[in-house]
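**Student:** File query_28.cif below, mmCIF, C-alpha atoms:
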data_run
#
loop_
_atom_site.group_PDB
_atom_site.id
_atom_site.type_symbol
_atom_site.label_atom_id
_atom_site.label_comp_id
_atom_site.auth_asym_id
_atom_site.auth_seq_id
_atom_site.Cartn_x
_atom_site.Cartn_y
_atom_site.Cartn_z
ATOM 1 C CA MET E 1 58.268 3.374 5.467
ATOM 2 C CA SER E 2 55.685 2.548 8.082
ATOM 3 C CA PHE E 3 51.908 2.674 7.919
ATOM 4 C CA ASP E 4 49.556 3.416 10.768
ATOM 5 C CA LEU E 5 46.536 1.163 10.221
ATOM 6 C CA ARG E 6 43.420 2.207 12.107
ATOM 7 C CA PRO E 7 39.785 1.188 11.762
ATOM 8 C CA ALA E 8 37.644 3.689 9.906
ATOM 9 C CA THR E 9 35.424 4.671 12.835
ATOM 10 C CA SER E 10 35.208 8.428 12.700
ATOM 11 C CA SER E 11 32.441 10.233 14.572
ATOM 12 C CA GLN E 12 30.716 10.919 11.240
ATOM 13 C CA ASP E 13 30.743 7.213 10.390
ATOM 14 C CA ALA E 14 29.251 6.431 13.780
ATOM 15 C CA VAL E 15 26.413 8.890 13.227
ATOM 16 C CA VAL E 16 25.640 7.445 9.792
ATOM 17 C CA ALA E 17 25.740 3.882 11.116
ATOM 18 C CA SER E 18 23.298 4.751 13.884
ATOM 19 C CA HIS E 19 20.679 5.671 11.266
ATOM 20 C CA TYR E 20 20.492 2.118 9.998
ATOM 21 C CA ARG E 21 17.789 -0.133 11.422
ATOM 22 C CA PRO E 22 18.542 -3.867 11.486
ATOM 23 C CA ILE E 23 15.421 -5.663 10.288
ATOM 24 C CA SER E 24 16.814 -9.158 9.834
ATOM 25 C CA SER E 25 20.067 -11.063 10.220
ATOM 26 C CA HIS E 26 21.162 -9.994 6.719
ATOM 27 C CA LEU E 27 19.411 -6.675 6.078
ATOM 28 C CA ALA E 28 19.582 -3.199 7.605
ATOM 29 C CA ILE E 29 17.942 -0.097 6.170
ATOM 30 C CA ALA E 30 18.256 3.649 6.550
ATOM 31 C CA PRO E 31 14.826 4.780 5.214
ATOM 32 C CA PRO E 32 12.241 5.212 7.996
ATOM 33 C CA VAL E 33 9.135 3.041 7.598
ATOM 34 C CA SER E 34 5.625 4.261 8.422
ATOM 35 C CA VAL E 35 2.751 1.820 8.918
ATOM 36 C CA VAL E 36 -0.760 3.149 8.244
ATOM 37 C CA ILE E 37 -3.689 1.370 9.914
ATOM 38 C CA PRO E 38 -7.222 2.594 9.124
ATOM 39 C CA ALA E 39 -9.528 1.520 11.940
ATOM 40 C CA MET E 40 -13.131 1.915 13.002
ATOM 41 C CA ASN E 41 -14.305 0.018 16.077
ATOM 42 C CA GLU E 42 -11.397 -2.424 15.963
ATOM 43 C CA ALA E 43 -10.413 -2.359 19.651
ATOM 44 C CA GLU E 44 -10.702 -6.145 19.989
ATOM 45 C CA ASN E 45 -8.539 -6.789 16.910
ATOM 46 C CA LEU E 46 -5.742 -4.286 17.513
ATOM 47 C CA PRO E 47 -3.855 -6.490 20.030
ATOM 48 C CA TYR E 48 -3.434 -9.119 17.303
ATOM 49 C CA VAL E 49 -2.391 -6.480 14.751
ATOM 50 C CA PHE E 50 0.170 -4.718 16.931
ATOM 51 C CA LYS E 51 1.596 -7.977 18.256
ATOM 52 C CA THR E 52 3.036 -8.809 14.829
ATOM 53 C CA LEU E 53 4.378 -5.362 13.963
ATOM 54 C CA PRO E 54 8.215 -5.293 13.964
ATOM 55 C CA ASP E 55 9.864 -3.030 16.519
ATOM 56 C CA TRP E 56 12.186 -1.428 13.960
ATOM 57 C CA ILE E 57 9.468 0.537 12.150
ATOM 58 C CA HIS E 58 9.672 4.312 12.402
ATOM 59 C CA GLU E 59 6.053 5.082 13.243
ATOM 60 C CA VAL E 60 2.526 3.701 13.375
ATOM 61 C CA VAL E 61 -0.212 5.982 12.066
ATOM 62 C CA LEU E 62 -3.678 4.927 13.211
ATOM 63 C CA VAL E 63 -6.511 6.622 11.307
ATOM 64 C CA ASP E 64 -9.577 6.520 13.513
ATOM 65 C CA GLY E 65 -12.851 6.487 11.590
ATOM 66 C CA ASN E 66 -14.927 7.958 14.429
ATOM 67 C CA SER E 67 -14.882 4.767 16.498
ATOM 68 C CA THR E 68 -17.499 4.368 19.203
ATOM 69 C CA ASP E 69 -15.448 1.806 21.144
ATOM 70 C CA ASN E 70 -12.034 2.292 22.766
ATOM 71 C CA THR E 71 -10.003 1.765 19.586
ATOM 72 C CA VAL E 72 -7.807 4.819 20.213
ATOM 73 C CA GLU E 73 -7.160 4.013 23.881
ATOM 74 C CA VAL E 74 -6.188 0.423 23.051
ATOM 75 C CA ALA E 75 -3.847 1.587 20.294
ATOM 76 C CA ARG E 76 -2.077 4.006 22.636
ATOM 77 C CA GLU E 77 -1.730 1.344 25.286
ATOM 78 C CA LEU E 78 -0.260 -1.154 22.837
ATOM 79 C CA TRP E 79 2.021 1.319 21.034
ATOM 80 C CA PRO E 80 2.634 4.398 23.226
ATOM 81 C CA ASP E 81 4.175 6.405 20.380
ATOM 82 C CA VAL E 82 1.314 5.724 17.970
ATOM 83 C CA LYS E 83 0.240 8.741 15.913
ATOM 84 C CA VAL E 84 -3.558 8.950 15.989
ATOM 85 C CA VAL E 85 -5.233 10.869 13.172
ATOM 86 C CA GLU E 86 -8.952 11.570 13.114
ATOM 87 C CA GLN E 87 -10.722 10.748 9.860
ATOM 88 C CA ARG E 88 -13.048 13.552 8.839
ATOM 89 C CA GLY E 89 -14.509 11.857 5.759
ATOM 90 C CA LYS E 90 -15.843 8.346 5.216
ATOM 91 C CA GLY E 91 -14.590 5.190 3.541
ATOM 92 C CA LYS E 92 -11.366 3.214 3.446
ATOM 93 C CA GLY E 93 -9.905 5.257 0.616
ATOM 94 C CA ASP E 94 -10.453 8.477 2.525
ATOM 95 C CA ALA E 95 -8.905 6.919 5.642
ATOM 96 C CA LEU E 96 -5.800 5.779 3.786
ATOM 97 C CA ILE E 97 -5.291 9.139 2.081
ATOM 98 C CA THR E 98 -5.606 10.816 5.484
ATOM 99 C CA GLY E 99 -3.021 8.428 6.909
ATOM 100 C CA PHE E 100 -0.615 8.858 4.001
ATOM 101 C CA ASN E 101 -0.674 12.621 4.488
ATOM 102 C CA ALA E 102 0.267 12.171 8.143
ATOM 103 C CA CYS E 103 3.245 9.874 7.474
ATOM 104 C CA THR E 104 6.817 11.097 7.876
ATOM 105 C CA GLY E 105 8.591 7.923 6.729
ATOM 106 C CA ASP E 106 10.148 7.375 3.306
ATOM 107 C CA ILE E 107 8.431 3.994 3.024
ATOM 108 C CA ILE E 108 4.711 3.579 3.709
ATOM 109 C CA VAL E 109 3.046 0.247 4.511
ATOM 110 C CA MET E 110 -0.739 -0.291 4.459
ATOM 111 C CA VAL E 111 -2.079 -2.745 7.056
ATOM 112 C CA ASP E 112 -5.719 -3.592 7.825
ATOM 113 C CA ALA E 113 -6.922 -3.395 11.417
ATOM 114 C CA ASP E 114 -9.013 -6.577 11.428
ATOM 115 C CA GLY E 115 -6.157 -8.981 12.180
ATOM 116 C CA SER E 116 -6.147 -10.503 8.689
ATOM 117 C CA ALA E 117 -2.617 -9.319 7.886
ATOM 118 C CA ASP E 118 0.600 -10.636 9.408
ATOM 119 C CA GLY E 119 2.943 -7.791 10.321
ATOM 120 C CA ASN E 120 5.882 -10.182 10.128
ATOM 121 C CA GLU E 121 5.533 -10.011 6.350
ATOM 122 C CA ILE E 122 6.488 -6.329 6.341
ATOM 123 C CA VAL E 123 10.156 -7.300 6.070
ATOM 124 C CA SER E 124 9.446 -8.871 2.660
ATOM 125 C CA TYR E 125 7.753 -5.718 1.412
ATOM 126 C CA VAL E 126 10.528 -3.447 2.634
ATOM 127 C CA SER E 127 13.203 -5.759 1.222
ATOM 128 C CA ALA E 128 11.589 -5.506 -2.222
ATOM 129 C CA LEU E 129 11.545 -1.713 -2.030
ATOM 130 C CA VAL E 130 15.140 -1.245 -0.914
ATOM 131 C CA SER E 131 16.151 -3.720 -3.639
ATOM 132 C CA GLY E 132 14.754 -1.479 -6.373
ATOM 133 C CA ALA E 133 10.964 -1.734 -6.511
ATOM 134 C CA ASP E 134 8.789 1.378 -6.298
ATOM 135 C CA PHE E 135 5.647 -0.438 -5.212
ATOM 136 C CA ALA E 136 5.489 -3.750 -3.319
ATOM 137 C CA LYS E 137 2.077 -5.269 -3.932
ATOM 138 C CA GLY E 138 0.737 -8.028 -1.723
ATOM 139 C CA SER E 139 -0.783 -11.016 -3.493
ATOM 140 C CA ARG E 140 -2.813 -13.847 -2.022
ATOM 141 C CA PHE E 141 -2.537 -15.793 -5.267
ATOM 142 C CA ALA E 142 1.179 -15.502 -5.993
ATOM 143 C CA ASN E 143 3.235 -18.609 -5.294
ATOM 144 C CA GLY E 144 3.545 -18.776 -1.514
ATOM 145 C CA GLY E 145 0.470 -16.664 -0.763
ATOM 146 C CA GLY E 146 -2.977 -17.720 0.398
ATOM 147 C CA THR E 147 -6.278 -16.659 1.906
ATOM 148 C CA ASP E 148 -8.645 -17.960 4.558
ATOM 149 C CA ASP E 149 -11.221 -15.260 3.956
ATOM 150 C CA MET E 150 -12.551 -15.455 0.393
ATOM 151 C CA THR E 151 -15.628 -17.244 -0.854
ATOM 152 C CA PHE E 152 -15.678 -18.840 -4.294
ATOM 153 C CA ILE E 153 -17.762 -15.960 -5.643
ATOM 154 C CA ARG E 154 -15.293 -13.347 -4.343
ATOM 155 C CA LYS E 155 -12.361 -15.286 -5.783
ATOM 156 C CA LEU E 156 -14.109 -15.463 -9.139
ATOM 157 C CA GLY E 157 -14.880 -11.748 -9.061
ATOM 158 C CA ASN E 158 -11.329 -10.860 -8.082
ATOM 159 C CA TRP E 159 -9.969 -13.031 -10.890
ATOM 160 C CA ALA E 160 -12.282 -11.428 -13.468
ATOM 161 C CA LEU E 161 -11.420 -7.883 -12.391
ATOM 162 C CA CYS E 162 -7.713 -8.695 -12.194
ATOM 163 C CA THR E 163 -7.763 -10.193 -15.700
ATOM 164 C CA THR E 164 -9.499 -7.071 -17.013
ATOM 165 C CA VAL E 165 -6.869 -4.773 -15.493
ATOM 166 C CA ASN E 166 -4.038 -6.912 -16.857
ATOM 167 C CA ARG E 167 -5.457 -6.807 -20.372
ATOM 168 C CA LYS E 168 -6.483 -3.153 -20.386
ATOM 169 C CA PHE E 169 -3.408 -1.691 -18.729
ATOM 170 C CA GLY E 170 -0.641 -4.175 -19.534
ATOM 171 C CA ALA E 171 -0.199 -5.312 -15.926
ATOM 172 C CA ARG E 172 0.805 -8.781 -14.734
ATOM 173 C CA TYR E 173 -1.012 -8.969 -11.444
ATOM 174 C CA THR E 174 -2.118 -12.192 -9.791
ATOM 175 C CA ASP E 175 -4.294 -10.336 -7.260
ATOM 176 C CA LEU E 176 -6.139 -7.028 -7.516
ATOM 177 C CA CYS E 177 -8.376 -6.253 -4.538
ATOM 178 C CA TYR E 178 -5.955 -6.655 -1.634
ATOM 179 C CA GLY E 179 -5.031 -3.954 0.851
ATOM 180 C CA TYR E 180 -1.613 -5.105 2.081
ATOM 181 C CA ASN E 181 0.873 -3.006 0.088
ATOM 182 C CA ALA E 182 3.986 -0.891 0.598
ATOM 183 C CA PHE E 183 5.602 1.838 -1.459
ATOM 184 C CA TRP E 184 8.067 4.694 -1.468
ATOM 185 C CA ARG E 185 6.469 7.963 -0.389
ATOM 186 C CA HIS E 186 7.364 9.656 -3.688
ATOM 187 C CA CYS E 187 4.902 7.355 -5.480
ATOM 188 C CA LEU E 188 2.009 9.363 -4.041
ATOM 189 C CA ASP E 189 2.916 12.294 -6.275
ATOM 190 C CA LYS E 190 2.546 10.086 -9.346
ATOM 191 C CA ILE E 191 -0.684 8.231 -8.567
ATOM 192 C CA ASP E 192 -2.765 11.121 -7.133
ATOM 193 C CA LEU E 193 -5.398 9.136 -5.231
ATOM 194 C CA ASP E 194 -8.935 10.522 -5.409
ATOM 195 C CA CYS E 195 -11.424 7.882 -4.249
ATOM 196 C CA THR E 196 -12.986 7.153 -0.877
ATOM 197 C CA GLY E 197 -14.071 3.500 -0.778
ATOM 198 C CA PHE E 198 -12.641 -0.023 -0.894
ATOM 199 C CA GLU E 199 -11.834 0.518 -4.581
ATOM 200 C CA VAL E 200 -8.770 2.522 -3.505
ATOM 201 C CA GLU E 201 -6.527 -0.563 -3.778
ATOM 202 C CA THR E 202 -7.592 -1.122 -7.387
ATOM 203 C CA LEU E 203 -7.036 2.546 -8.208
ATOM 204 C CA MET E 204 -3.531 2.381 -6.755
ATOM 205 C CA ASN E 205 -2.706 -0.787 -8.687
ATOM 206 C CA ILE E 206 -3.861 0.762 -11.962
ATOM 207 C CA ARG E 207 -2.147 4.091 -11.507
ATOM 208 C CA VAL E 208 1.238 2.675 -10.544
ATOM 209 C CA VAL E 209 1.187 0.807 -13.858
ATOM 210 C CA LYS E 210 0.073 3.901 -15.775
ATOM 211 C CA ALA E 211 2.862 5.877 -14.081
ATOM 212 C CA GLY E 212 5.471 3.343 -15.198
ATOM 213 C CA LEU E 213 6.528 2.490 -11.649
ATOM 214 C CA LYS E 214 8.359 -0.741 -10.907
ATOM 215 C CA VAL E 215 5.999 -3.158 -9.164
ATOM 216 C CA GLN E 216 6.967 -6.352 -7.354
ATOM 217 C CA GLU E 217 4.345 -8.744 -6.028
ATOM 218 C CA ILE E 218 4.868 -10.108 -2.523
ATOM 219 C CA PRO E 219 3.256 -13.457 -1.582
ATOM 220 C CA SER E 220 0.998 -12.792 1.380
ATOM 221 C CA HIS E 221 -1.396 -14.859 3.484
ATOM 222 C CA GLU E 222 -4.739 -13.332 4.420
ATOM 223 C CA TYR E 223 -6.239 -14.630 7.650
ATOM 224 C CA LEU E 224 -9.827 -14.499 8.842
ATOM 225 C CA ARG E 225 -11.035 -11.349 10.555
ATOM 226 C CA ILE E 226 -10.748 -12.115 14.274
ATOM 227 C CA HIS E 227 -13.622 -10.087 15.719
ATOM 228 C CA GLY E 228 -16.543 -8.178 14.242
ATOM 229 C CA THR E 229 -17.844 -8.020 10.701
ATOM 230 C CA SER E 230 -16.350 -6.408 7.626
ATOM 231 C CA ASN E 231 -17.855 -3.357 5.945
ATOM 232 C CA LEU E 232 -16.949 -4.895 2.589
ATOM 233 C CA ARG E 233 -19.922 -5.788 0.386
ATOM 234 C CA ALA E 234 -18.875 -8.002 -2.503
ATOM 235 C CA VAL E 235 -21.454 -6.906 -5.086
ATOM 236 C CA ARG E 236 -21.590 -3.231 -4.169
ATOM 237 C CA ASP E 237 -17.840 -2.809 -3.913
ATOM 238 C CA GLY E 238 -17.212 -5.022 -6.958
ATOM 239 C CA ILE E 239 -19.322 -2.612 -9.010
ATOM 240 C CA ARG E 240 -17.348 0.324 -7.636
ATOM 241 C CA VAL E 241 -14.098 -1.404 -8.594
ATOM 242 C CA LEU E 242 -15.409 -2.009 -12.116
ATOM 243 C CA LYS E 243 -16.376 1.658 -12.415
ATOM 244 C CA VAL E 244 -12.840 2.653 -11.439
ATOM 245 C CA ILE E 245 -11.390 0.353 -14.104
ATOM 246 C CA LEU E 246 -13.684 1.759 -16.789
ATOM 247 C CA ARG E 247 -13.010 5.347 -15.718
ATOM 248 C CA GLU E 248 -9.249 4.885 -15.727
ATOM 249 C CA ARG E 249 -9.456 3.199 -19.137
ATOM 250 C CA SER E 250 -11.489 6.117 -20.493
ATOM 251 C CA ASN E 251 -9.027 8.621 -19.024
ATOM 252 C CA ARG E 252 -6.173 6.773 -20.695
ATOM 253 C CA ARG E 253 -7.899 6.902 -24.073
ATOM 254 C CA ALA E 254 -8.707 10.593 -23.626
ATOM 255 C CA LEU E 255 -5.068 11.334 -22.781
ATOM 256 C CA ARG E 256 -3.903 9.488 -25.877
ATOM 257 C CA SER E 257 -6.397 11.427 -27.975
ATOM 258 C CA ARG E 258 -5.242 14.773 -26.577
ATOM 259 C CA ARG E 259 -1.632 13.873 -27.250
ATOM 260 C CA HIS E 260 -2.463 12.750 -30.781
ATOM 261 C CA HIS E 261 -4.374 15.948 -31.623
ATOM 262 C CA SER E 262 -2.256 18.380 -29.623
ATOM 263 C CA PRO E 263 -1.322 21.496 -31.709
ATOM 264 C CA MET E 264 1.933 21.722 -29.780
ATOM 265 C CA LEU E 265 2.740 18.115 -30.600
ATOM 266 C CA ASP E 266 1.789 18.728 -34.238
ATOM 267 C CA SER E 267 4.155 21.708 -34.434
ATOM 268 C CA VAL E 268 6.962 19.637 -32.914
ATOM 269 C CA ARG E 269 6.325 16.918 -35.460
ATOM 270 C CA GLY E 270 6.434 19.525 -38.225
ATOM 271 C CA GLU E 271 9.773 20.868 -36.998
ATOM 272 C CA VAL E 272 11.208 17.362 -36.800
ATOM 273 C CA SER E 273 10.024 16.472 -40.283
#
Give the structure from this file in structure tokens form.
**Tutor:**
Amino acid sequence: MSFDLRPATSSQDAVVASHYRPISSHLAIAPPVSVVIPAMNEAENLPYVFKTLPDWIHEVVLVDGNSTDNTVEVARELWPDVKVVEQRGKGKGDALITGFNACTGDIIVMVDADGSADGNEIVSYVSALVSGADFAKGSRFANGGGTDDMTFIRKLGNWALCTTVNRKFGARYTDLCYGYNAFWRHCLDKIDLDCTGFEVETLMNIRVVKAGLKVQEIPSHEYLRIHGTSNLRAVRDGIRVLKVILRERSNRRALRSRRHHSPMLDSVRGEVS
């Protein structure tokens, strides 16, 4: 009896293989990755941002917050296939939500447009997601992370707010107010974002915990903004973050109360007993 041994290289296998994107020497992925960049008057910083973005990503979605400089033109010159979306509202939260809605990838990565984030780190975020995490959360204070752009007061405030979230919601975060994150698209259905300002990162971090999603922190280094000044205001935005924490805590208590006093739940308990 003879056997005809041939390599398994059917046309179907070839098509499937072509869908995989090599992102490192030991990892290739099939899910398309979208990168969302909210930007307002960041033309001078975009060359530094785009320079570090890996070429294997599926798409770049630039959300333009009504820039008065040539932000859009620079983005198109640097990344000809960039998808530009006009922001109709105001605030970082509104910009991110607008960008998320425009994404077509299965994985979404949030990157700031000020040059403070290193796009080379995206591989670590994506690796965590394809390995089983739902939400890959950047941390400047995890082992291996760091920051060049936080004063002592901001660090203290971030620590206090992070500690509050950990205690109130059962999280184990080392960083709270950081905008470099990645997640599977399906997570958006479970966290239902509804805020417009810088507090959007805190809201996301709280709601992924409340939704029971698997979170993995990714050590990340935050660099100084290269050009221009940030719209972040430590006291003002810190208060907004605290309000989000208190609101989400109140909503959690209200939900527990409704479940405890629900007539339907009471009837189910009666049937079980």
**Student:** Expand the PyMOL selection byres ((chain E and resi 179-191) around 8) into the explicit residue set it covers here, and present it as a PDB file with C-alpha atoms, keeping the file's coordinate frame.
**Tutor:**
ATOM      1  CA  GLY E 105       8.591   7.923   6.729  1.00  0.00           C
ATOM      2  CA  ASP E 106      10.148   7.375   3.306  1.00  0.00           C
ATOM      3  CA  ILE E 107       8.431   3.994   3.024  1.00  0.00           C
ATOM      4  CA  ILE E 108       4.711   3.579   3.709  1.00  0.00           C
ATOM      5  CA  VAL E 109       3.046   0.247   4.511  1.00  0.00           C
ATOM      6  CA  MET E 110      -0.739  -0.291   4.459  1.00  0.00           C
ATOM      7  CA  VAL E 111      -2.079  -2.745   7.056  1.00  0.00           C
ATOM      8  CA  ASP E 112      -5.719  -3.592   7.825  1.00  0.00           C
ATOM      9  CA  ALA E 117      -2.617  -9.319   7.886  1.00  0.00           C
ATOM     10  CA  TYR E 125       7.753  -5.718   1.412  1.00  0.00           C
ATOM     11  CA  VAL E 126      10.528  -3.447   2.634  1.00  0.00           C
ATOM     12  CA  LEU E 129      11.545  -1.713  -2.030  1.00  0.00           C
ATOM     13  CA  ASP E 134       8.789   1.378  -6.298  1.00  0.00           C
ATOM     14  CA  PHE E 135       5.647  -0.438  -5.212  1.00  0.00           C
ATOM     15  CA  ALA E 136       5.489  -3.750  -3.319  1.00  0.00           C
ATOM     16  CA  LYS E 137       2.077  -5.269  -3.932  1.00  0.00           C
ATOM     17  CA  GLY E 138       0.737  -8.028  -1.723  1.00  0.00           C
ATOM     18  CA  CYS E 177      -8.376  -6.253  -4.538  1.00  0.00           C
ATOM     19  CA  TYR E 178      -5.955  -6.655  -1.634  1.00  0.00           C
ATOM     20  CA  ASP E 192      -2.765  11.121  -7.133  1.00  0.00           C
ATOM     21  CA  LEU E 193      -5.398   9.136  -5.231  1.00  0.00           C
ATOM     22  CA  GLU E 201      -6.527  -0.563  -3.778  1.00  0.00           C
ATOM     23  CA  MET E 204      -3.531   2.381  -6.755  1.00  0.00           C
ATOM     24  CA  ARG E 207      -2.147   4.091 -11.507  1.00  0.00           C
ATOM     25  CA  VAL E 208       1.238   2.675 -10.544  1.00  0.00           C
ATOM     26  CA  ALA E 211       2.862   5.877 -14.081  1.00  0.00           C
TER      27      ALA E 211
END
**Student:** Could you list the residues chosen by the PyMOL selection byres ((chain E and resi 227) around 12) in this structure as a list of chain:residue names?
**Tutor:**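 In the shown coordinates, the PyMOL selection byres ((chain E and resi 227) around 12) covers E:Asn41, E:Glu42, E:Ala43, E:Glu44, E:Asn45, E:Leu46, E:Pro47, E:Tyr48, E:Val49, E:Ala113, E:Asp114, E:Gly115, E:Ser116, E:Tyr223, E:Leu224, E:Arg225, E:Ile226, E:Gly228, E:Thr229, E:Ser230.
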**Student:** Can you translate the PyMOL selection byres ((chain E and resi 59) around 9) into the concrete residues it hits in this file, as JSON, numbers by chain?
**Tutor:** {"E": [32, 33, 34, 35, 36, 56, 57, 58, 60, 61, 81, 82, 83, 103, 104, 105]}
**Student:** By how many Å are CA of His19 (chain E) and CA of Val74 (chain E) apart?
**Tutor:** 29.8 Å
**Student:** Need the neighbours of (13.4, -2.2, 2.0): which residues are at most 9 Å away, counting all atoms listed in the file, as a list in words?
**Tutor:**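 Residues with an atom close enough to that point: Leu27, Ala28, Ile29, Ala30, Pro31, Val33, Ile107, Val123, Ser124, Tyr125, Val126, Ser127, Ala128, Leu129, Val130, Ser131, Gly132 and Ala133 of chain E.
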**Student:** When you look at Asn143 (chain E) with a cut-off of 12 Å (counting only C-alpha atoms), what residues show up, excluding the ones that are within fewer than 3 positions of it in the same chain? I need them as a ChimeraX atom specification.
**Tutor:** /E:138-140,146,174-175,217-221
**Student:** For Val85 (chain E), work out the shell of residues within 8 Å, counting all atoms listed in the file and skipping chain neighbours fewer than 6 positions away, then give it as JSON, numbers by chain.
**Tutor:** {"E": [61, 62, 63, 64, 98, 99, 102]}
**Student:** Return the single residue from E:Lys243, E:Arg167, E:Arg236, E:Lys92 that is closest to Arg154 (chain E), with distances computed using only C-alpha atoms.
**Tutor:** E:Arg236
**Student:** Enter the distance from CA of His26 (chain E) to CA of Ala142 (chain E), in Å, rounded to one decimal.
**Tutor:**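 Separation of CA of His26 (chain E) and CA of Ala142 (chain E): 24.3 Å.
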**Student:** Would you mind telling me which residue in E:Ser24, E:Asn251, E:Thr147, E:Ser67 lies nearest to Ile206 (chain E) when using all atoms listed in the file?
**Tutor:**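 Nearest to Ile206 (chain E): E:Asn251.
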**Student:** Find, counting only C-alpha atoms, the residue in E:Gln216, E:Thr196, E:Thr164, E:Thr151 that gets nearest to Arg249 (chain E).
**Tutor:**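 Using only C-alpha atoms, Arg249 (chain E) sits closest to E:Thr164.
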**Student:** Give me, please, the distance in Å between CA of Asn66 (chain E) and CA of Asp94 (chain E), quoted to one decimal.
**Tutor:**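 Computing the Euclidean distance for CA of Asn66 (chain E) and CA of Asp94 (chain E) yields 12.7 Å.
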**Student:** Tell me which of E:Gly197, E:Pro80, E:Gly89, E:Gly212 sits closest to Gly170 (chain E), counting all atoms listed in the file.
**Tutor:**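 Ranked by minimum distance to Gly170 (chain E), first place goes to E:Gly212.
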**Student:** Residues at most 8 Å from Leu176 (chain E), counting all atoms listed in the file, excluding those fewer than 4 positions away in the same chain, as a VMD selection string?
**Tutor:** chain E and resid 139 158 to 159 161 to 162 201 to 202 205
**Student:** Grab the residues selected above and save them as a compact mmCIF listing (two decimals), keeping the file's coordinate frame with C-alpha atoms.
**Tutor:**
# COMPACT_ATOMS: atom_id res chain seq x y z
CA SER E 139 -0.78 -11.02 -3.49
CA ASN E 158 -11.33 -10.86 -8.08
CA TRP E 159 -9.97 -13.03 -10.89
CA LEU E 161 -11.42 -7.88 -12.39
CA CYS E 162 -7.71 -8.70 -12.19
CA GLU E 201 -6.53 -0.56 -3.78
CA THR E 202 -7.59 -1.12 -7.39
CA ASN E 205 -2.71 -0.79 -8.69
**Student:** Which residue is closest to Gln87 (chain E)? Choose from E:Ile122, E:Pro38, E:Asn70, E:Val209 and count only C-alpha atoms.
**Tutor:** E:Pro38
**Student:** With distances taken over all atoms listed in the file, which of E:Leu78, E:Ala95, E:Cys195, E:Leu53 is nearest to Val241 (chain E)?
**Tutor:**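 Of all the options, E:Cys195 lies closest to Val241 (chain E).
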